[in-house]
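K.L.:
Sending over query15.csv (CSV, C-alpha atoms and all ligand atoms).
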chain,number,residue,atom,x,y,z
A,1,MET,CA,-16.0,27.7,-22.3
A,2,SER,CA,-16.7,25.2,-19.4
A,3,HIS,CA,-17.7,26.2,-15.9
A,4,PRO,CA,-14.6,27.5,-14.0
A,5,SER,CA,-12.5,25.2,-12.0
A,6,ILE,CA,-10.5,25.4,-8.8
A,7,LEU,CA,-6.8,24.3,-9.3
A,8,VAL,CA,-5.6,22.6,-6.1
A,9,THR,CA,-1.8,22.2,-6.3
A,10,GLY,CA,-0.5,19.5,-4.0
A,11,GLY,CA,-4.0,18.0,-4.0
A,12,ALA,CA,-2.6,14.5,-3.6
A,13,GLY,CA,-0.9,15.5,-0.3
A,14,TYR,CA,-2.2,15.4,3.2
A,15,ILE,CA,-4.0,18.7,3.6
A,16,GLY,CA,-4.7,19.3,-0.1
A,17,SER,CA,-6.5,16.0,-0.5
A,18,HIS,CA,-8.9,16.8,2.5
A,19,VAL,CA,-9.7,20.2,0.9
A,20,VAL,CA,-10.4,18.5,-2.5
A,21,LEU,CA,-12.9,16.2,-0.8
A,22,GLN,CA,-14.7,19.1,0.9
A,23,LEU,CA,-14.8,21.1,-2.3
A,24,ARG,CA,-16.2,18.2,-4.2
A,25,ALA,CA,-18.8,17.6,-1.5
A,26,ARG,CA,-19.9,21.2,-2.2
A,27,GLY,CA,-20.2,20.4,-5.9
A,28,GLU,CA,-17.2,22.5,-6.9
A,29,ARG,CA,-15.2,21.7,-10.1
A,30,VAL,CA,-11.7,20.8,-9.1
A,31,VAL,CA,-8.4,19.9,-10.9
A,32,VAL,CA,-5.4,18.6,-9.0
A,33,LEU,CA,-1.8,19.3,-9.9
A,34,ASP,CA,0.7,17.2,-8.0
A,35,ASP,CA,4.1,15.8,-8.9
A,36,LEU,CA,3.5,12.8,-6.5
A,37,SER,CA,6.9,13.4,-5.0
A,38,ARG,CA,5.3,13.4,-1.6
A,39,GLY,CA,1.6,12.9,-2.5
A,40,PHE,CA,-0.3,9.8,-3.3
A,41,ARG,CA,-2.5,9.0,-6.3
A,42,GLN,CA,-4.9,7.2,-4.0
A,43,ALA,CA,-5.6,10.4,-2.1
A,44,VAL,CA,-7.3,12.0,-5.1
A,45,LEU,CA,-10.6,10.3,-5.0
A,46,ASP,CA,-12.9,12.6,-6.9
A,47,ALA,CA,-11.1,15.0,-9.2
A,48,PRO,CA,-8.9,14.8,-12.3
A,49,LEU,CA,-5.2,14.6,-11.4
A,50,VAL,CA,-2.5,16.2,-13.6
A,51,VAL,CA,0.9,14.8,-12.6
A,52,GLY,CA,3.4,17.7,-12.9
A,53,LYS,CA,5.3,20.4,-11.1
A,54,VAL,CA,4.1,23.8,-10.0
A,55,GLY,CA,7.5,25.2,-11.2
A,56,ASP,CA,6.8,23.9,-14.7
A,57,ARG,CA,5.4,26.9,-16.5
A,58,ASP,CA,4.0,25.1,-19.6
A,59,THR,CA,2.2,22.5,-17.5
A,60,VAL,CA,0.7,25.1,-15.2
A,61,ALA,CA,-0.3,27.4,-18.1
A,62,SER,CA,-2.0,24.6,-19.9
A,63,VAL,CA,-3.9,23.4,-16.8
A,64,LEU,CA,-5.1,26.9,-16.1
A,65,ARG,CA,-6.3,27.3,-19.7
A,66,GLU,CA,-7.8,23.8,-20.3
A,67,HIS,CA,-9.7,23.8,-17.0
A,68,ALA,CA,-10.8,27.4,-17.2
A,69,VAL,CA,-9.3,27.9,-13.7
A,70,ASP,CA,-10.5,31.1,-11.8
A,71,THR,CA,-9.3,30.1,-8.4
A,72,VAL,CA,-6.1,28.5,-7.2
A,73,MET,CA,-5.5,26.8,-3.9
A,74,HIS,CA,-1.8,26.3,-3.5
A,75,PHE,CA,-0.6,23.5,-1.2
A,76,ALA,CA,2.3,22.0,-3.1
A,77,ALA,CA,5.4,22.5,-1.0
A,78,TYR,CA,8.0,20.7,1.1
A,79,THR,CA,7.1,21.1,4.8
A,80,ILE,CA,9.6,19.4,7.1
A,81,VAL,CA,11.4,21.9,9.3
A,82,PRO,CA,14.6,19.9,10.0
A,83,GLU,CA,14.9,19.0,6.4
A,84,SER,CA,14.7,22.7,5.5
A,85,VAL,CA,17.6,23.4,7.9
A,86,SER,CA,19.8,20.8,6.2
A,87,GLU,CA,18.7,21.4,2.6
A,88,PRO,CA,17.7,25.1,2.4
A,89,LEU,CA,17.9,25.5,-1.4
A,90,LYS,CA,15.6,22.6,-1.9
A,91,TYR,CA,13.0,24.6,0.1
A,92,TYR,CA,13.6,27.9,-1.6
A,93,GLY,CA,13.4,26.2,-5.0
A,94,ASN,CA,10.3,24.1,-4.5
A,95,ASN,CA,8.4,26.5,-2.2
A,96,THR,CA,9.4,30.0,-3.2
A,97,CYS,CA,10.6,29.8,-6.8
A,98,SER,CA,7.8,27.5,-7.8
A,99,THR,CA,5.3,29.8,-6.3
A,100,ARG,CA,6.7,32.7,-8.3
A,101,THR,CA,6.2,30.7,-11.5
A,102,LEU,CA,2.7,29.8,-10.4
A,103,LEU,CA,1.8,33.4,-9.7
A,104,GLU,CA,3.2,34.5,-13.0
A,105,CYS,CA,1.0,32.0,-14.8
A,106,CYS,CA,-2.0,33.0,-12.7
A,107,VAL,CA,-1.6,36.6,-13.6
A,108,GLY,CA,-1.3,35.7,-17.3
A,109,ALA,CA,-4.4,33.5,-17.2
A,110,GLY,CA,-6.5,36.1,-15.2
A,111,VAL,CA,-7.0,33.9,-12.1
A,112,ARG,CA,-9.1,35.9,-9.7
A,113,HIS,CA,-8.8,34.1,-6.4
A,114,PHE,CA,-5.8,32.6,-4.7
A,115,VAL,CA,-5.7,30.7,-1.3
A,116,PHE,CA,-2.2,30.2,-0.1
A,117,SER,CA,-1.0,27.5,2.4
A,118,SER,CA,1.3,29.4,4.7
A,119,THR,CA,2.5,28.5,8.1
A,120,ALA,CA,2.9,29.6,11.7
A,121,ALA,CA,6.6,29.0,11.1
A,122,VAL,CA,6.8,32.6,9.7
A,123,TYR,CA,6.6,33.9,13.3
A,124,GLY,CA,9.8,32.1,14.5
A,125,ILE,CA,9.8,32.4,18.3
A,126,PRO,CA,7.1,34.8,19.2
A,127,ALA,CA,7.1,36.5,22.7
A,128,GLU,CA,4.9,34.5,25.2
A,129,GLY,CA,4.7,31.7,22.6
A,130,SER,CA,1.6,33.0,20.8
A,131,ALA,CA,1.3,35.0,17.6
A,132,ALA,CA,-1.4,37.2,16.1
A,133,GLU,CA,-1.4,38.2,12.5
A,134,SER,CA,0.1,41.5,13.5
A,135,THR,CA,3.0,39.8,15.4
A,136,PRO,CA,6.2,40.6,13.5
A,137,THR,CA,7.4,37.8,11.3
A,138,ALA,CA,10.8,36.4,12.1
A,139,PRO,CA,11.2,32.8,10.8
A,140,ILE,CA,14.0,30.8,12.4
A,141,ASN,CA,14.2,28.1,9.7
A,142,PRO,CA,14.3,28.1,5.9
A,143,TYR,CA,10.9,26.4,5.7
A,144,GLY,CA,9.3,29.4,7.4
A,145,THR,CA,11.4,31.9,5.3
A,146,SER,CA,10.5,30.1,2.1
A,147,LYS,CA,6.8,30.5,2.9
A,148,LEU,CA,7.1,34.1,4.1
A,149,MET,CA,8.8,35.1,0.8
A,150,SER,CA,5.8,33.6,-1.0
A,151,GLU,CA,3.4,35.6,1.1
A,152,TRP,CA,5.3,38.8,0.1
A,153,MET,CA,5.2,37.9,-3.6
A,154,LEU,CA,1.4,37.3,-3.3
A,155,ARG,CA,0.9,40.6,-1.5
A,156,ASP,CA,2.8,42.5,-4.2
A,157,VAL,CA,1.1,40.7,-7.1
A,158,ALA,CA,-2.3,41.4,-5.6
A,159,SER,CA,-1.6,45.1,-5.3
A,160,ALA,CA,-0.5,45.2,-9.0
A,161,SER,CA,-3.3,43.0,-10.5
A,162,PRO,CA,-6.9,42.1,-9.9
A,163,LEU,CA,-6.0,38.9,-8.1
A,164,LYS,CA,-7.2,38.7,-4.5
A,165,TYR,CA,-5.9,36.2,-2.0
A,166,VAL,CA,-6.3,34.7,1.4
A,167,ALA,CA,-3.0,33.5,3.0
A,168,LEU,CA,-3.7,31.0,5.8
A,169,ARG,CA,-1.0,30.5,8.4
A,170,TYR,CA,-1.5,27.0,9.6
A,171,PHE,CA,-0.5,25.9,13.1
A,172,ASN,CA,0.0,22.2,13.7
A,173,VAL,CA,-2.2,20.1,11.5
A,174,ALA,CA,-3.2,16.6,12.7
A,175,GLY,CA,-6.0,14.1,12.4
A,176,SER,CA,-7.6,12.7,9.3
A,177,ASP,CA,-10.9,12.3,7.4
A,178,PRO,CA,-13.5,11.0,10.0
A,179,ALA,CA,-14.7,8.6,7.3
A,180,CYS,CA,-11.2,7.2,7.0
A,181,ARG,CA,-11.0,7.6,3.2
A,182,ILE,CA,-7.7,9.6,3.3
A,183,GLY,CA,-5.1,10.7,5.8
A,184,GLN,CA,-1.4,11.4,6.1
A,185,ALA,CA,0.3,8.5,4.4
A,186,SER,CA,3.9,9.6,4.3
A,187,PRO,CA,6.1,6.6,5.0
A,188,ASP,CA,8.7,8.7,6.9
A,189,ALA,CA,6.4,10.8,8.9
A,190,THR,CA,7.8,13.4,11.4
A,191,LEU,CA,4.7,15.0,12.8
A,192,LEU,CA,4.2,14.2,16.5
A,193,VAL,CA,0.6,13.0,16.5
A,194,LYS,CA,1.2,10.7,13.5
A,195,VAL,CA,4.5,9.4,14.9
A,196,ALA,CA,2.9,8.7,18.3
A,197,CYS,CA,-0.1,6.9,16.7
A,198,GLU,CA,2.2,4.8,14.6
A,199,ALA,CA,3.9,3.7,17.8
A,200,ALA,CA,0.5,3.0,19.4
A,201,VAL,CA,-0.5,0.7,16.5
A,202,GLY,CA,2.9,-1.1,16.6
A,203,LYS,CA,4.4,0.4,13.5
A,204,ARG,CA,7.3,1.8,15.4
A,205,ALA,CA,9.0,0.8,18.6
A,206,GLU,CA,9.2,4.1,20.4
A,207,VAL,CA,8.5,7.9,20.3
A,208,ALA,CA,11.1,10.5,20.8
A,209,ILE,CA,10.6,13.7,22.9
A,210,PHE,CA,12.8,16.3,21.2
A,211,GLY,CA,13.9,18.5,24.1
A,212,ASN,CA,12.8,18.4,27.7
A,213,ASP,CA,14.4,21.6,28.8
A,214,TYR,CA,12.3,24.3,27.1
A,215,ALA,CA,10.9,27.1,29.2
A,216,THR,CA,7.4,25.6,29.0
A,217,PRO,CA,5.2,24.1,31.8
A,218,ASP,CA,6.6,20.6,31.5
A,219,GLY,CA,9.8,21.4,29.6
A,220,THR,CA,8.6,20.0,26.2
A,221,GLY,CA,7.5,21.9,23.1
A,222,VAL,CA,4.0,23.3,23.0
A,223,ARG,CA,1.9,23.5,19.8
A,224,ASP,CA,-1.6,24.5,18.7
A,225,TYR,CA,-2.8,21.2,17.1
A,226,ILE,CA,-5.7,21.6,14.7
A,227,HIS,CA,-7.8,19.0,13.0
A,228,VAL,CA,-7.3,18.8,9.3
A,229,GLU,CA,-11.1,18.8,8.7
A,230,ASP,CA,-11.3,22.2,10.4
A,231,LEU,CA,-8.3,23.4,8.5
A,232,ALA,CA,-9.8,22.3,5.2
A,233,MET,CA,-13.0,24.1,6.1
A,234,ALA,CA,-11.1,27.3,6.5
A,235,HIS,CA,-10.2,27.0,2.8
A,236,LEU,CA,-13.8,26.7,1.8
A,237,ASP,CA,-14.6,29.7,4.0
A,238,ALA,CA,-11.8,31.6,2.4
A,239,LEU,CA,-13.2,30.8,-1.1
A,240,GLN,CA,-16.7,32.0,-0.1
A,241,TYR,CA,-15.1,35.2,1.3
A,242,LEU,CA,-13.2,35.9,-1.9
A,243,ARG,CA,-16.2,35.2,-4.0
A,244,GLY,CA,-18.2,37.6,-1.9
A,245,GLY,CA,-15.7,40.4,-2.8
A,246,GLY,CA,-13.5,40.1,0.4
A,247,ALA,CA,-10.2,42.0,0.4
A,248,SER,CA,-6.9,40.2,0.4
A,249,THR,CA,-6.0,39.1,3.9
A,250,THR,CA,-3.6,36.9,6.0
A,251,LEU,CA,-5.1,34.8,8.8
A,252,ASN,CA,-3.9,32.4,11.4
A,253,VAL,CA,-5.6,29.0,11.5
A,254,GLY,CA,-5.3,27.5,14.9
A,255,TYR,CA,-7.6,26.9,17.9
A,256,GLY,CA,-5.8,29.4,20.2
A,257,HIS,CA,-4.6,26.9,22.8
A,258,GLY,CA,-1.8,24.5,22.9
A,259,TYR,CA,-0.6,21.1,24.2
A,260,SER,CA,2.9,20.0,25.1
A,261,VAL,CA,4.6,16.9,23.6
A,262,ARG,CA,3.9,15.1,26.9
A,263,GLN,CA,0.2,16.0,26.8
A,264,VAL,CA,-0.1,14.7,23.2
A,265,LEU,CA,1.6,11.4,24.2
A,266,ALA,CA,-0.7,11.0,27.2
A,267,ALA,CA,-3.7,11.6,24.9
A,268,VAL,CA,-2.5,8.9,22.5
A,269,GLU,CA,-2.0,6.5,25.4
A,270,ARG,CA,-5.5,7.4,26.8
A,271,VAL,CA,-7.3,6.9,23.5
A,272,SER,CA,-5.4,3.9,22.3
A,273,GLY,CA,-5.2,2.1,25.7
A,274,LYS,CA,-1.5,1.4,24.9
A,275,ARG,CA,1.6,2.4,26.8
A,276,LEU,CA,4.1,4.2,24.6
A,277,LYS,CA,7.9,3.6,24.9
A,278,VAL,CA,9.2,7.2,25.1
A,279,ARG,CA,12.8,8.3,24.7
A,280,GLU,CA,13.9,11.8,25.7
A,281,GLN,CA,16.3,13.3,23.2
A,282,PRO,CA,18.1,16.6,22.6
A,283,ARG,CA,16.2,19.5,21.0
A,284,ARG,CA,15.6,19.3,17.3
A,285,ALA,CA,17.1,21.9,15.0
A,286,GLY,CA,14.7,24.8,14.1
A,287,ASP,CA,12.1,24.1,16.7
A,288,PRO,CA,10.6,27.0,18.7
A,289,PRO,CA,9.6,26.2,22.3
A,290,ALA,CA,5.9,27.2,22.0
A,291,LEU,CA,3.7,28.3,19.0
A,292,ILE,CA,0.1,29.0,19.7
A,293,ALA,CA,-2.3,31.0,17.5
A,294,ARG,CA,-4.1,34.1,18.4
A,295,ALA,CA,-7.1,32.9,16.4
A,296,GLU,CA,-9.9,35.5,16.7
A,297,ARG,CA,-9.4,37.1,13.3
A,298,ILE,CA,-10.3,34.1,11.1
A,299,ARG,CA,-13.6,33.7,13.0
A,300,ALA,CA,-14.4,37.4,12.6
A,301,GLU,CA,-13.3,37.7,8.9
A,302,LEU,CA,-14.3,34.3,7.5
A,303,GLY,CA,-16.9,33.2,10.0
A,304,TRP,CA,-14.8,30.0,10.5
A,305,ARG,CA,-16.4,27.7,13.1
A,306,PRO,CA,-14.2,24.7,14.0
A,307,ARG,CA,-15.9,21.5,14.9
A,308,TYR,CA,-13.1,19.2,16.1
A,309,ASP,CA,-11.4,21.3,18.8
A,310,ASP,CA,-10.6,18.3,20.9
A,311,LEU,CA,-7.2,16.6,21.2
A,312,ASP,CA,-8.8,13.2,21.8
A,313,ALA,CA,-10.9,13.5,18.6
A,314,ILE,CA,-7.7,14.4,16.7
A,315,VAL,CA,-5.9,11.4,18.1
A,316,ARG,CA,-8.9,9.1,17.5
A,317,THR,CA,-9.1,9.8,13.8
A,318,THR,CA,-5.3,9.5,13.4
A,319,LEU,CA,-5.4,6.1,15.2
A,320,VAL,CA,-8.1,4.8,13.0
A,321,TRP,CA,-6.2,5.9,9.9
A,322,GLU,CA,-3.0,4.3,11.1
A,323,GLN,CA,-4.8,1.1,11.7
A,324,ARG,CA,-6.1,1.2,8.1
A,325,LEU,CA,-2.6,1.9,6.7
A,326,LEU,CA,-1.2,-1.2,8.5
A,327,SER,CA,-3.4,-3.4,6.4
A,328,ASP,CA,-3.5,-1.2,3.3
A,329,PRO,CA,-0.2,0.8,3.0
A,330,TRP,CA,-0.2,3.5,0.4
A,331,LYS,CA,2.7,3.6,-2.0
B,401,LIG,C1,4.6,21.6,12.0
B,401,LIG,C2,4.7,21.6,10.5
B,401,LIG,C3,5.2,22.8,9.9
B,401,LIG,C4,4.5,24.0,10.5
B,401,LIG,C5,4.5,24.0,12.0
B,401,LIG,C6,3.7,25.1,12.6
B,401,LIG,C7,5.0,19.6,9.1
B,401,LIG,C8,5.9,18.5,8.7
B,401,LIG,N1,5.4,20.5,10.0
B,401,LIG,O1,6.0,21.6,12.4
B,401,LIG,O2,5.1,22.8,8.5
B,401,LIG,O3,5.1,25.2,10.1
B,401,LIG,O4,4.0,22.7,12.4
B,401,LIG,O5,3.8,25.1,14.0
B,401,LIG,O6,3.9,19.7,8.6
B,401,LIG,N2,8.2,16.3,18.5
B,401,LIG,C9,8.7,15.3,19.3
B,401,LIG,N3,8.9,14.0,18.8
B,401,LIG,C10,8.6,13.7,17.5
B,401,LIG,C11,8.1,14.7,16.7
B,401,LIG,C12,7.9,16.0,17.2
B,401,LIG,O7,9.0,15.6,20.5
B,401,LIG,O8,8.8,12.5,17.1
B,401,LIG,C13,8.0,17.6,19.0
B,401,LIG,C14,8.7,18.7,18.3
B,401,LIG,O9,9.9,19.0,18.8
B,401,LIG,C15,7.7,19.9,18.5
B,401,LIG,C16,6.3,19.2,18.5
B,401,LIG,O10,6.6,17.9,18.8
B,401,LIG,O11,7.9,20.5,19.8
B,401,LIG,C17,5.6,19.3,17.1
B,401,LIG,O12,6.5,18.8,16.1
B,401,LIG,P1,6.0,18.4,14.7
B,401,LIG,O13,4.8,17.6,14.8
B,401,LIG,O14,7.1,17.8,14.0
B,401,LIG,O15,5.5,19.8,14.1
B,401,LIG,P2,6.4,21.1,13.9
B,401,LIG,O16,7.8,20.9,13.8
B,401,LIG,O17,5.8,22.1,14.9
Transcribe the structure of this file into structure tokens.
Ligand code: UD1
P.N.:
Amino acid sequence: MSHPSILVTGGAGYIGSHVVLQLRARGERVVVLDDLSRGFRQAVLDAPLVVGKVGDRDTVASVLREHAVDTVMHFAAYTIVPESVSEPLKYYGNNTCSTRTLLECCVGAGVRHFVFSSTAAVYGIPAEGSAAESTPTAPINPYGTSKLMSEWMLRDVASASPLKYVALRYFNVAGSDPACRIGQASPDATLLVKVACEAAVGKRAEVAIFGNDYATPDGTGVRDYIHVEDLAMAHLDALQYLRGGGASTTLNVGYGHGYSVRQVLAAVERVSGKRLKVREQPRRAGDPPALIARAERIRAELGWRPRYDDLDAIVRTTLVWEQRLLSDPWK
């Protein structure tokens, strides 16, 4: 039997592809499963890619067997909050039902470690705008609910089998590979930092502010923006923790402080040297006013040490990536 591999579902997507690069840089064996519905073949630089769906039992079972997978990192999911509000069943199908199939295959194949890509959206609208892992979960959109249901399945599977997991609740991911090999390439991006950087490089005419009447210091939404490199590193730390015999756990991944939409736009103007054309619009469906991580636990449990806790650095890597996409668009 060959050396065990790590299966990265959604490894052709934005976050998964950054994790794959870091795993490969550590010399890990990796296999990517991605249906390329939102991911890009070009994002998988250094690992075999199986094109298929996480909800397809036969495909998953054969990948687990053929690659002797003992660890799964599960990113494959739809992630756009407003889309989840208008098409909830699409989210429950692709995020929740597919995760159930994946877990069933994992149990059948004796997978030992599972790292799950969860979200701060499980908290809904937490009091004071910040959430610790002990904060009650109360998602306000189907995206958050679809991920929370997966967390519950994982918890129950882990208590009924030898599988151990780390569920990581991401706050707002932004930025890209500092070497500019990969980044978020979605043609219809919705994430604020990417959208604002697209405007700064001339790819779109203006940026919307969705809601200027929230009960936040400047009236716009506040989020805990974290660099994708630091987020990816949290997955490697989770792997090391599980291999060291760590118990199953659920952890926030954020820096513990937030920026408003206006502050993000100001950073993009500062770093790019361009004035953005900004249009104030009504609130977007499913958006909480503020969402900031209480982020002590991941440092204590995994020893996670972020290296890019700097809004300008996040914006800078995004701008460089958007410049690259202008001349070399991914399809
Ligand atoms: C993001 C993630 C979601 C995750 C959540 C955790 C994606 C697609 N979304 O959602 O999975 O659960 O973080 O907090 O990965 N905004 C504007 N104008 C824009 C775009 C956004 O004003 O053009 C505002 C939004 O209203 C919000 C903030 O910027 O206040 C961030 O929005 P966005 O970047 O879309 O991320 P989230 O919706 O928070």
K.L.:
Step by step, measure atom-to-atom distances between ligand LIG 401 (chain B) and each residue using only C-alpha atoms and all ligand atoms, keep those at most 8 Å, then write them as a ChimeraX atom specification.
P.N.:
/A:79-82,118-122,143-144,170-173,189-196,207-211,220-224,260-261,283-284,286-292
K.L.:
Smallest atom-to-atom distance to Ser186 (chain A): which of A:Gly256, A:Glu198, A:Ile6, A:Pro142, using only C-alpha atoms?
P.N.:
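Under the stated criterion, the closest residue is A:Glu198.
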K.L.:
Thr317 (chain A): which residues within 12 Å, counting all atoms listed in the file, same-chain residues fewer than 4 positions away excluded, as an NGL selection string?
P.N.:
:A and (174-184 or 193-194 or 197 or 227-229 or 268 or 271-272 or 308 or 310-313 or 321-324)
K.L.:
For Ala232 (chain A), which of A:Pro329, A:Gly124, A:Gly11, A:Gly52 is the closest residue, counting only C-alpha atoms?
P.N.:
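The closest residue to Ala232 (chain A) is A:Gly11.
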K.L.:
Quick one: everything within 12 Å of Met149 (chain A), counting only C-alpha atoms, minus sequence neighbours fewer than 5 positions away in the same chain. Send it as a list in words.
P.N.:
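After dropping sequence-adjacent residues, the list is Tyr91, Tyr92, Gly93, Asn95, Thr96, Cys97, Ser98, Thr99, Arg100, Ser118, Thr119, Val122, Thr137, Ala138, Pro139, Pro142, Tyr143, Gly144, Leu154, Arg155 and Asp156 of chain A.
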K.L.:
Counting all atoms listed in the file, which residue out of A:Val54, A:Ala132, A:Val72, A:Ala266 sits closest to Ala238 (chain A)?
P.N.:
A:Val72
K.L.:
Of the candidates A:Val107, A:Leu23, A:Ala205, A:Val69, which shows the shortest atom-to-atom distance to Lys164 (chain A), using all atoms listed in the file?
P.N.:
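Counting all atoms listed in the file, the residue closest to Lys164 (chain A) is A:Val107.
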K.L.:
Within 10 Å of (7.1, 0.0, 21.2), in the coordinates the file gives, what residues turn up when you count only C-alpha atoms, written out as a ChimeraX atom specification?
P.N.:
/A:198-207,274-278
K.L.:
For each of A:Ala293, A:Gln42, A:Thr71, A:Ala167, take the minimum atom-to-atom distance to Arg243 (chain A), counting all atoms listed in the file, then give the residue where this is smallest.
P.N.:
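Of A:Ala293, A:Gln42, A:Thr71, A:Ala167, the one nearest Arg243 (chain A) is A:Thr71, counting all atoms listed in the file.
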K.L.:
Given all atoms listed in the file as the basis, pick out the residue of A:Glu280, A:Glu104, A:Glu87, A:Asp70 nearest to Asp56 (chain A).
P.N.:
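Among A:Glu280, A:Glu104, A:Glu87, A:Asp70, it is A:Glu104 that comes nearest to Asp56 (chain A).
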K.L.:
Rounded to one decimal, what separation in Å do you get between CA of Asn212 (chain A) and CA of Ile314 (chain A)?
P.N.:
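Computing it gives 23.6 Å between the two atoms.
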K.L.:
Could you please determine the separation between CA of Ala131 (chain A) and CA of Arg294 (chain A) in Å, to one decimal place?
P.N.:
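CA of Ala131 (chain A) sits 5.5 Å away from CA of Arg294 (chain A).
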K.L.:
Once all heavy atoms are restored for region 28-34 of chain A, what would the output be as a short mmCIF file (atom, residue, chain, number, x, y, z; two decimals), in the frame of the given file?
P.N.:
data_model
loop_
_atom_site.label_atom_id
_atom_site.label_comp_id
_atom_site.auth_asym_id
_atom_site.auth_seq_id
_atom_site.Cartn_x
_atom_site.Cartn_y
_atom_site.Cartn_z
N GLU A 28 -18.12 21.67 -6.16
CA GLU A 28 -17.20 22.50 -6.90
C GLU A 28 -16.45 21.65 -7.98
O GLU A 28 -16.20 20.47 -7.78
CB GLU A 28 -16.12 23.11 -6.00
CG GLU A 28 -16.67 24.03 -4.93
CD GLU A 28 -17.13 25.38 -5.47
OE1 GLU A 28 -16.84 25.70 -6.64
OE2 GLU A 28 -17.80 26.10 -4.71
N ARG A 29 -16.09 22.30 -9.08
CA ARG A 29 -15.20 21.70 -10.10
C ARG A 29 -13.76 21.83 -9.62
O ARG A 29 -13.36 22.96 -9.29
CB ARG A 29 -15.33 22.37 -11.41
CG ARG A 29 -16.18 21.64 -12.39
CD ARG A 29 -16.28 22.52 -13.62
NE ARG A 29 -17.56 22.35 -14.20
CZ ARG A 29 -17.79 21.55 -15.24
NH1 ARG A 29 -16.81 20.91 -15.83
NH2 ARG A 29 -19.01 21.42 -15.72
N VAL A 30 -13.01 20.74 -9.62
CA VAL A 30 -11.70 20.80 -9.10
C VAL A 30 -10.71 20.06 -10.05
O VAL A 30 -11.08 19.04 -10.64
CB VAL A 30 -11.60 20.05 -7.71
CG1 VAL A 30 -10.17 19.96 -7.19
CG2 VAL A 30 -12.49 20.74 -6.69
N VAL A 31 -9.50 20.60 -10.21
CA VAL A 31 -8.40 19.90 -10.90
C VAL A 31 -7.21 19.90 -9.97
O VAL A 31 -6.91 20.93 -9.37
CB VAL A 31 -8.14 20.42 -12.31
CG1 VAL A 31 -7.82 21.91 -12.28
CG2 VAL A 31 -7.00 19.66 -12.96
N VAL A 32 -6.57 18.75 -9.84
CA VAL A 32 -5.40 18.60 -9.00
C VAL A 32 -4.12 18.62 -9.79
O VAL A 32 -4.04 17.93 -10.81
CB VAL A 32 -5.49 17.33 -8.12
CG1 VAL A 32 -4.18 17.07 -7.36
CG2 VAL A 32 -6.67 17.39 -7.16
N LEU A 33 -3.13 19.40 -9.36
CA LEU A 33 -1.80 19.30 -9.90
C LEU A 33 -0.84 18.88 -8.84
O LEU A 33 -0.75 19.54 -7.78
CB LEU A 33 -1.36 20.70 -10.48
CG LEU A 33 0.09 20.79 -10.99
CD1 LEU A 33 0.31 19.90 -12.22
CD2 LEU A 33 0.45 22.25 -11.35
N ASP A 34 -0.18 17.76 -9.05
CA ASP A 34 0.70 17.20 -8.00
C ASP A 34 1.79 16.42 -8.70
O ASP A 34 1.51 15.66 -9.63
CB ASP A 34 -0.12 16.33 -7.06
CG ASP A 34 0.59 16.09 -5.73
OD1 ASP A 34 1.69 15.51 -5.72
OD2 ASP A 34 0.01 16.46 -4.69
#
